[in-house]
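Notes to accompany the following structure.
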Amino acid sequence: MGNIDLSMIWAVVIAFAVIMYVLMDGFDLGVGILFLFAPDEEARDVMMNSVAPIWDGNETWLVLGGVGLLAAFPLVYSILLPALYIGVFLMLAGLIFRGVAFEFRFKAHKSRYLWNWAFAGGSVVASFAQGAVVGSYIEGYQTEGLVYAGGPLDWLTPFTVLTGFGILVGYALLGCTWIILKAEGYIQAWAYKLAPWLLAGVLLIFLAVSVWTPSVDPSAFERWFSAIRWIWIFPALAAFFAFQIWRGLRQRREALPFVATMGMFGATYFGLLWTRWPYVIPPNFTLWDAASAPESQLFLLLGVLFVIPIILVYTAWAYWVFRGKVRVGEGYH
Amino acid sequence: MELDPLLLSRFQFAFVVSFHAIFPVFTIGLASYIAFLEALAFKTGNPLWTQLSKFWIQVFAVVFGMGVVSGIVMAFQFGTNWSNFSYTAANFIGPMFSYEVVTAFFLEAGFLGVLLFGRNRVPQGIHLFAACMVALGTLISAFWILSANSWLHTPQGTELRDGVFHVTSWTESIFNPSFPYRFTHMAIASFLTGSFVVAGVSAWYLLRGREVEVNRKALSMCLWMILFLAPTQAVVGDLHGLNTFKHQPMKVAAMEGNWDTDVGVPLLLFALPDRDLQANRVEFGIPRLGSMLLTHTWDGEVPGLREIDVEQQPPVWIVFFAFRIMVGMGLLMIAFGLAGLWLRRGQRYCQTRWFLQGLRFMSITPFIAVTAGWVVTEVGRAPWIVYETFSHEQGLTPSLTGGMALFTLIGYVLVYAAIFGAGLYYLFGVLQKGITVEEEELSDQADQAERPMRPFSATHVRFEHEEH
């Protein structure tokens, strides 16, 4: 194969799809997590309306990531999905329930409370499952040859439960700051009151995970502590963004908390990637081990590089059309 | 009790894929129908076509929404239960599935929104263009999926090296030998599905005397479609069968219930195939017609199932009966097409009660026929995933236990039952409401211009049906 490293390009494409997914579906899942805690039904209407026009665009990144993995890194697809079998089912069931709740809730009268539960429950289950996946990724997977050789619940350990709650609270913070951005009046005031607690929860769990990680995985310890490294820029950035969230909340700024939360998520994500780089199936396989044939990677890359800019433009346009505050009594029916 | 993860995974896959397939089969046909209505409205300026199109766009929105939701599961199903297969075939099926997603994105990105909500915001020509692009998009999605599926039946343009398929020619692998037949057969099936659903709903309205003028027009249009498409489908199906006979003779032997290689074999109308006995318990057929249909001579030789080991034979009775169900439904469709033609004199087709009642029930036959057809082709490939190269057993996820597979099988059945129940219930509400849009709702629609919308926002029907 020529001098272009297709696997590297694909790693960037998929890493990009994943962070897009985490950031964008993260806040609409977060809105779902906070749904049942909202002050009243009217607030729930506003919360749902604030994400309704964009959530499915957000979720397309997940599908693109899924099939992209199959095409570009089939080994990741064929080891991670069996390892996460039960978790993947829970995540999909959660996403399905909350997906149809978007459609049916506004059509429903008497059964509305059922769709509230479907929306909130689905969001919580899907978020927790995603957090547990992150934890299991740090822990690594037991493989034999080219197949997964562990048990059905290996992904569920005290460590992954902690990361599951981490993502749950983290998404809730994203959702909460999103509500600050999109709502006003008593709904916004409620979100302002809630956000500092969520921030404290996130920081606490992130700290616990950071302390715990070296004992789960010695190679991570090696990478972080063997010398002063550039990798420390990520926790520094995360801390900076956390401070900005706190400052934004104190000054009652509307956009800063949300943007800073995204920044904190981004810094944490890249820190995690760097910890594991270039292993895509820790601890045994690198991205080059997991790659599909170059002709297959190239064949699909042409289509994907064509369509990703279109998706980005479309997404930006959708956010632009639905910019501004969502008011009580407005919204789709 | 020992749970077999292989059998349970096959059940789960069959369940999830059948459930998912119902939606695209319908939306592909309906999208083309909507595009056709929009074109008629554009050309003639007759508001009846617009009214009809508006109504079916609502139904399309609901069904499309449900299809997308059930499709997400499909993107992960291959990895969770068939990880060895995914790994082995990824070089080909990976890009195929991904291109399907890319196509769907492209469709959703631009044109679906314009079709659903753009009627009063863009020029009519642009709206028509969007309708055509949505119709085209559904067909292109089907193109990729059916290409991947056809490759499993007639793998070409690839070679197996070190346990992994490598693509040697994209054109040969994408346009593999069974693909043109399968795609044509499936596209016509989708159009027939659209026609029968629209015809059934129109017939139901006519029976209740609702919006007679517009429903008569819709029914008439569908009956012409059915009259031409149903016999065409029989011919295409026959050609597809001959293609299968060439590449997968054992599947045809199972379809025909033919155990022994022989000359002048009969066409069996009914039989009770028994795999243990390696013969049929009872059989009843037309002598020598089987040979005639397959080899085009009365004395042609047709290979039987005993040519291969029992373990390599597909479960014969499933294939045998599913094939007869499909053909039976097809013959019923042809009969209704002809009856429609016969009743055309004096417009009796929209007044004859038995015919309209019959059409109501016929609206589910395409779904039965399509599902049965897929059972024939997929079960008929057993025990292979990739024909004569890679078996179900080899493809299964090694770490999968029977308990895990049972857990998710029950889980998906419950989740889909809830979602499907709610969707179907809501859809009947939309149908009950009917074609006429009331004034108040029109003004409501107009002032929604800048509001966020979802696919279901295309409808204005409550989830709970109103009491009549």
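Ordered as shown in the structure tokens, chains take letters A, B, and onward, while each chain numbers its residues from 1 and ligands are numbered from 1 in the order shown.
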Contact check, chain A to chain B, at most 6 Å, counting only C-alpha atoms, closest pairs as a Markdown table:
```
| residue | atom | partner | partner_atom | distance |
| --- | --- | --- | --- | --- |
| A:Pro53 | CA | B:Pro452 | CA | 5.3 |
| A:Val67 | CA | B:Ser98 | CA | 5.3 |
| A:Leu70 | CA | B:Gly94 | CA | 5.2 |
| A:Ala71 | CA | B:Gly94 | CA | 3.8 |
| A:Pro74 | CA | B:Tyr87 | CA | 5.4 |
| A:Tyr77 | CA | B:Gly79 | CA | 5.9 |
| A:Ser78 | CA | B:Ser83 | CA | 4.5 |
| A:Leu81 | CA | B:Thr80 | CA | 4.8 |
| A:Pro82 | CA | B:Thr80 | CA | 4.7 |
| A:Tyr85 | CA | B:Thr80 | CA | 5.7 |
| A:Glu103 | CA | B:Phe456 | CA | 5.8 |
| A:Lys107 | CA | B:Arg462 | CA | 4.6 |
| A:Ala108 | CA | B:Phe463 | CA | 4.7 |
| A:Ala149 | CA | B:Ser399 | CA | 5.8 |
| A:Ser296 | CA | B:Asn91 | CA | 5.5 |
| A:Leu300 | CA | B:Pro95 | CA | 5.5 |
| A:Gly331 | CA | B:Arg451 | CA | 5.5 |
| A:Tyr332 | CA | B:Met453 | CA | 5.2 |
```
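Contact shell of range 202-218 of chain A at 7 Å (only C-alpha atoms; same-chain neighbours under 2 positions omitted): Glu139, Gly166, Val169, Gly170, Leu198, Leu199, Ala200, Ala220, Phe221 and Glu222 of chain A.
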- Task: Going by DSSP on the backbone, which bits of range 112-345 of chain B are strand (DSSP E or B)? Write them as a PyMOL selection string, please.
- Result: chain B and resi 158-161+164-167+262-263+267-274+279-286+301-302
- Leaving out Leu431 in chain B and any residue of its chain fewer than 6 positions from it, which residues lie within 10 Å of it when counting only C-alpha atoms, given as an MDAnalysis selection string? chainID B and resid 55:56 58:59 201 204:205 461
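With only C-alpha atoms as the atoms that count, the minimum distance from Leu207 in chain B to the choices B:Gln357, B:Ser178, B:Ser220, B:Thr171 is reached by B:Gln357.
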- Message: Given only C-alpha atoms as the basis, pick out the residue of A:Ile79, A:Ala172, A:Leu64, A:Val46 nearest to Gly140 in chain A.
- Response: A:Ile79
- Task: Excluding Ile226 in chain B and residues on its chain fewer than 2 positions from it, collect all residues at most 9 Å away from it, counting only C-alpha atoms, and give them as a PyMOL selection string.
- Result: chain B and resi 191-192+195-196+221-224+228-231+333-334+336-338+340
- Item | Residue nearest Pro47 in chain B among B:Thr436, B:Gln248, B:Gln351, B:Thr158 (counting only C-alpha atoms) |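 For Pro47 in chain B, the nearest of the candidates is B:Thr436.
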- For Ala291 in chain A: contacts at 7 Å, only C-alpha atoms, fewer than 4 positions along chain excluded, given as a ChimeraX atom specification: /A:7,72-74,287
Please dump the current selection as a PDB file, in the first residue's frame; keep N, CA and C atoms.
```pdb
ATOM      1  N   SER A   7      -5.412   3.449   7.702  1.00  0.00           N
ATOM      2  CA  SER A   7      -5.903   3.105   9.035  1.00  0.00           C
ATOM      3  C   SER A   7      -5.881   4.320   9.941  1.00  0.00           C
ATOM      4  N   ALA A  72     -14.029  -0.477   8.742  1.00  0.00           N
ATOM      5  CA  ALA A  72     -12.626  -0.052   8.796  1.00  0.00           C
ATOM      6  C   ALA A  72     -11.809  -0.825   9.830  1.00  0.00           C
ATOM      7  N   PHE A  73     -12.437  -1.174  10.961  1.00  0.00           N
ATOM      8  CA  PHE A  73     -11.733  -1.915  12.013  1.00  0.00           C
ATOM      9  C   PHE A  73     -12.587  -3.096  12.472  1.00  0.00           C
ATOM     10  N   PRO A  74     -12.756  -4.094  11.578  1.00  0.00           N
ATOM     11  CA  PRO A  74     -13.686  -5.185  11.895  1.00  0.00           C
ATOM     12  C   PRO A  74     -13.335  -5.921  13.190  1.00  0.00           C
ATOM     13  N   LEU A 287      -4.498  -0.239  16.358  1.00  0.00           N
ATOM     14  CA  LEU A 287      -5.413   0.072  15.269  1.00  0.00           C
ATOM     15  C   LEU A 287      -4.967  -0.577  13.965  1.00  0.00           C
TER      16      LEU A 287
END
```
- Would you mind listing what lies within 12 Å of Gly125 in chain B as a VMD selection string, with only C-alpha atoms counted and same-chain residues fewer than 6 positions away left out? chain B and resid 35 38 to 43 114 to 115 118 to 119 131 to 132
Dump all heavy atoms for the selected residues as a PDB file, in the first residue's frame?
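That gives us result-v8.pdb:
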```
ATOM      1  N   ALA B  35     -44.349  10.360  -4.725  1.00  0.00           N
ATOM      2  CA  ALA B  35     -43.690  11.123  -5.792  1.00  0.00           C
ATOM      3  C   ALA B  35     -44.579  11.182  -7.028  1.00  0.00           C
ATOM      4  O   ALA B  35     -44.700  12.222  -7.682  1.00  0.00           O
ATOM      5  CB  ALA B  35     -42.334  10.499  -6.124  1.00  0.00           C
ATOM      6  N   GLU B  38     -47.422  13.591  -6.422  1.00  0.00           N
ATOM      7  CA  GLU B  38     -46.939  14.965  -6.509  1.00  0.00           C
ATOM      8  C   GLU B  38     -46.751  15.381  -7.963  1.00  0.00           C
ATOM      9  O   GLU B  38     -47.035  16.515  -8.341  1.00  0.00           O
ATOM     10  CB  GLU B  38     -45.626  15.124  -5.735  1.00  0.00           C
ATOM     11  CG  GLU B  38     -45.784  15.063  -4.213  1.00  0.00           C
ATOM     12  CD  GLU B  38     -46.554  16.248  -3.659  1.00  0.00           C
ATOM     13  OE1 GLU B  38     -46.446  17.347  -4.239  1.00  0.00           O
ATOM     14  OE2 GLU B  38     -47.278  16.069  -2.661  1.00  0.00           O
ATOM     15  N   ALA B  39     -46.250  14.431  -8.775  1.00  0.00           N
ATOM     16  CA  ALA B  39     -46.055  14.731 -10.190  1.00  0.00           C
ATOM     17  C   ALA B  39     -47.405  14.989 -10.865  1.00  0.00           C
ATOM     18  O   ALA B  39     -47.548  15.918 -11.667  1.00  0.00           O
ATOM     19  CB  ALA B  39     -45.321  13.581 -10.880  1.00  0.00           C
ATOM     20  N   LEU B  40     -48.417  14.175 -10.540  1.00  0.00           N
ATOM     21  CA  LEU B  40     -49.754  14.371 -11.104  1.00  0.00           C
ATOM     22  C   LEU B  40     -50.313  15.733 -10.697  1.00  0.00           C
ATOM     23  O   LEU B  40     -50.866  16.457 -11.518  1.00  0.00           O
ATOM     24  CB  LEU B  40     -50.696  13.266 -10.610  1.00  0.00           C
ATOM     25  CG  LEU B  40     -50.610  11.920 -11.318  1.00  0.00           C
ATOM     26  CD1 LEU B  40     -51.550  10.934 -10.636  1.00  0.00           C
ATOM     27  CD2 LEU B  40     -50.967  12.064 -12.793  1.00  0.00           C
ATOM     28  N   ALA B  41     -50.132  16.068  -9.414  1.00  0.00           N
ATOM     29  CA  ALA B  41     -50.636  17.350  -8.923  1.00  0.00           C
ATOM     30  C   ALA B  41     -49.935  18.496  -9.639  1.00  0.00           C
ATOM     31  O   ALA B  41     -50.548  19.494 -10.024  1.00  0.00           O
ATOM     32  CB  ALA B  41     -50.421  17.455  -7.414  1.00  0.00           C
ATOM     33  N   PHE B  42     -48.641  18.332  -9.853  1.00  0.00           N
ATOM     34  CA  PHE B  42     -47.846  19.370 -10.513  1.00  0.00           C
ATOM     35  C   PHE B  42     -48.316  19.565 -11.946  1.00  0.00           C
ATOM     36  O   PHE B  42     -48.454  20.673 -12.436  1.00  0.00           O
ATOM     37  CB  PHE B  42     -46.374  18.968 -10.482  1.00  0.00           C
ATOM     38  CG  PHE B  42     -45.445  20.016 -11.003  1.00  0.00           C
ATOM     39  CD1 PHE B  42     -45.175  21.163 -10.255  1.00  0.00           C
ATOM     40  CD2 PHE B  42     -44.817  19.859 -12.232  1.00  0.00           C
ATOM     41  CE1 PHE B  42     -44.320  22.133 -10.720  1.00  0.00           C
ATOM     42  CE2 PHE B  42     -43.955  20.828 -12.714  1.00  0.00           C
ATOM     43  CZ  PHE B  42     -43.704  21.967 -11.948  1.00  0.00           C
ATOM     44  N   LYS B  43     -48.611  18.452 -12.596  1.00  0.00           N
ATOM     45  CA  LYS B  43     -48.941  18.496 -14.018  1.00  0.00           C
ATOM     46  C   LYS B  43     -50.376  18.964 -14.255  1.00  0.00           C
ATOM     47  O   LYS B  43     -50.626  19.793 -15.123  1.00  0.00           O
ATOM     48  CB  LYS B  43     -48.744  17.100 -14.623  1.00  0.00           C
ATOM     49  CG  LYS B  43     -48.494  17.146 -16.115  1.00  0.00           C
ATOM     50  CD  LYS B  43     -47.787  15.913 -16.638  1.00  0.00           C
ATOM     51  CE  LYS B  43     -47.867  15.902 -18.155  1.00  0.00           C
ATOM     52  NZ  LYS B  43     -48.891  15.015 -18.678  1.00  0.00           N
ATOM     53  N   VAL B 114     -37.884  18.549   3.641  1.00  0.00           N
ATOM     54  CA  VAL B 114     -38.598  19.353   2.646  1.00  0.00           C
ATOM     55  C   VAL B 114     -39.906  18.664   2.262  1.00  0.00           C
ATOM     56  O   VAL B 114     -40.960  19.301   2.155  1.00  0.00           O
ATOM     57  CB  VAL B 114     -37.713  19.567   1.396  1.00  0.00           C
ATOM     58  CG1 VAL B 114     -38.476  20.368   0.347  1.00  0.00           C
ATOM     59  CG2 VAL B 114     -36.421  20.275   1.771  1.00  0.00           C
ATOM     60  N   LEU B 115     -39.864  17.342   2.086  1.00  0.00           N
ATOM     61  CA  LEU B 115     -41.072  16.614   1.700  1.00  0.00           C
ATOM     62  C   LEU B 115     -42.137  16.712   2.794  1.00  0.00           C
ATOM     63  O   LEU B 115     -43.308  16.966   2.522  1.00  0.00           O
ATOM     64  CB  LEU B 115     -40.743  15.142   1.416  1.00  0.00           C
ATOM     65  CG  LEU B 115     -41.960  14.262   1.109  1.00  0.00           C
ATOM     66  CD1 LEU B 115     -42.596  14.651  -0.214  1.00  0.00           C
ATOM     67  CD2 LEU B 115     -41.585  12.790   1.107  1.00  0.00           C
ATOM     68  N   GLY B 118     -42.221  21.051   3.919  1.00  0.00           N
ATOM     69  CA  GLY B 118     -41.876  22.188   3.066  1.00  0.00           C
ATOM     70  C   GLY B 118     -42.950  22.625   2.092  1.00  0.00           C
ATOM     71  O   GLY B 118     -42.728  23.528   1.303  1.00  0.00           O
ATOM     72  N   ARG B 119     -44.134  21.968   2.129  1.00  0.00           N
ATOM     73  CA  ARG B 119     -45.120  22.218   1.082  1.00  0.00           C
ATOM     74  C   ARG B 119     -45.433  23.699   0.896  1.00  0.00           C
ATOM     75  O   ARG B 119     -45.511  24.187  -0.228  1.00  0.00           O
ATOM     76  CB  ARG B 119     -46.403  21.451   1.359  1.00  0.00           C
ATOM     77  CG  ARG B 119     -47.397  21.521   0.212  1.00  0.00           C
ATOM     78  CD  ARG B 119     -48.668  20.760   0.517  1.00  0.00           C
ATOM     79  NE  ARG B 119     -48.434  19.337   0.673  1.00  0.00           N
ATOM     80  CZ  ARG B 119     -48.292  18.489  -0.326  1.00  0.00           C
ATOM     81  NH1 ARG B 119     -48.332  18.928  -1.566  1.00  0.00           N
ATOM     82  NH2 ARG B 119     -48.091  17.209  -0.110  1.00  0.00           N
ATOM     83  N   ALA B 131     -39.667  14.997  -3.256  1.00  0.00           N
ATOM     84  CA  ALA B 131     -40.418  13.735  -3.213  1.00  0.00           C
ATOM     85  C   ALA B 131     -39.726  12.670  -4.053  1.00  0.00           C
ATOM     86  O   ALA B 131     -39.597  11.508  -3.641  1.00  0.00           O
ATOM     87  CB  ALA B 131     -41.847  13.952  -3.695  1.00  0.00           C
ATOM     88  N   CYS B 132     -39.247  13.071  -5.235  1.00  0.00           N
ATOM     89  CA  CYS B 132     -38.556  12.119  -6.116  1.00  0.00           C
ATOM     90  C   CYS B 132     -37.245  11.651  -5.472  1.00  0.00           C
ATOM     91  O   CYS B 132     -36.882  10.470  -5.557  1.00  0.00           O
ATOM     92  CB  CYS B 132     -38.258  12.750  -7.471  1.00  0.00           C
ATOM     93  SG  CYS B 132     -39.738  13.090  -8.420  1.00  0.00           S
TER      94      CYS B 132
END
```
- Task: Give me, please, the distance in Å between CA of Gly303 in chain A and CA of Gln156 in chain B, quoted to one decimal.
- Result: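 Atom-to-atom, CA of Gly303 in chain A to CA of Gln156 in chain B, that is 22.6 Å.
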- Using only C-alpha atoms, which residue out of A:Glu295, A:Thr315, A:Ile308, A:Ile167 lies closest to Leu6 in chain A?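 Smallest separation from Leu6 in chain A among the options: A:Glu295.
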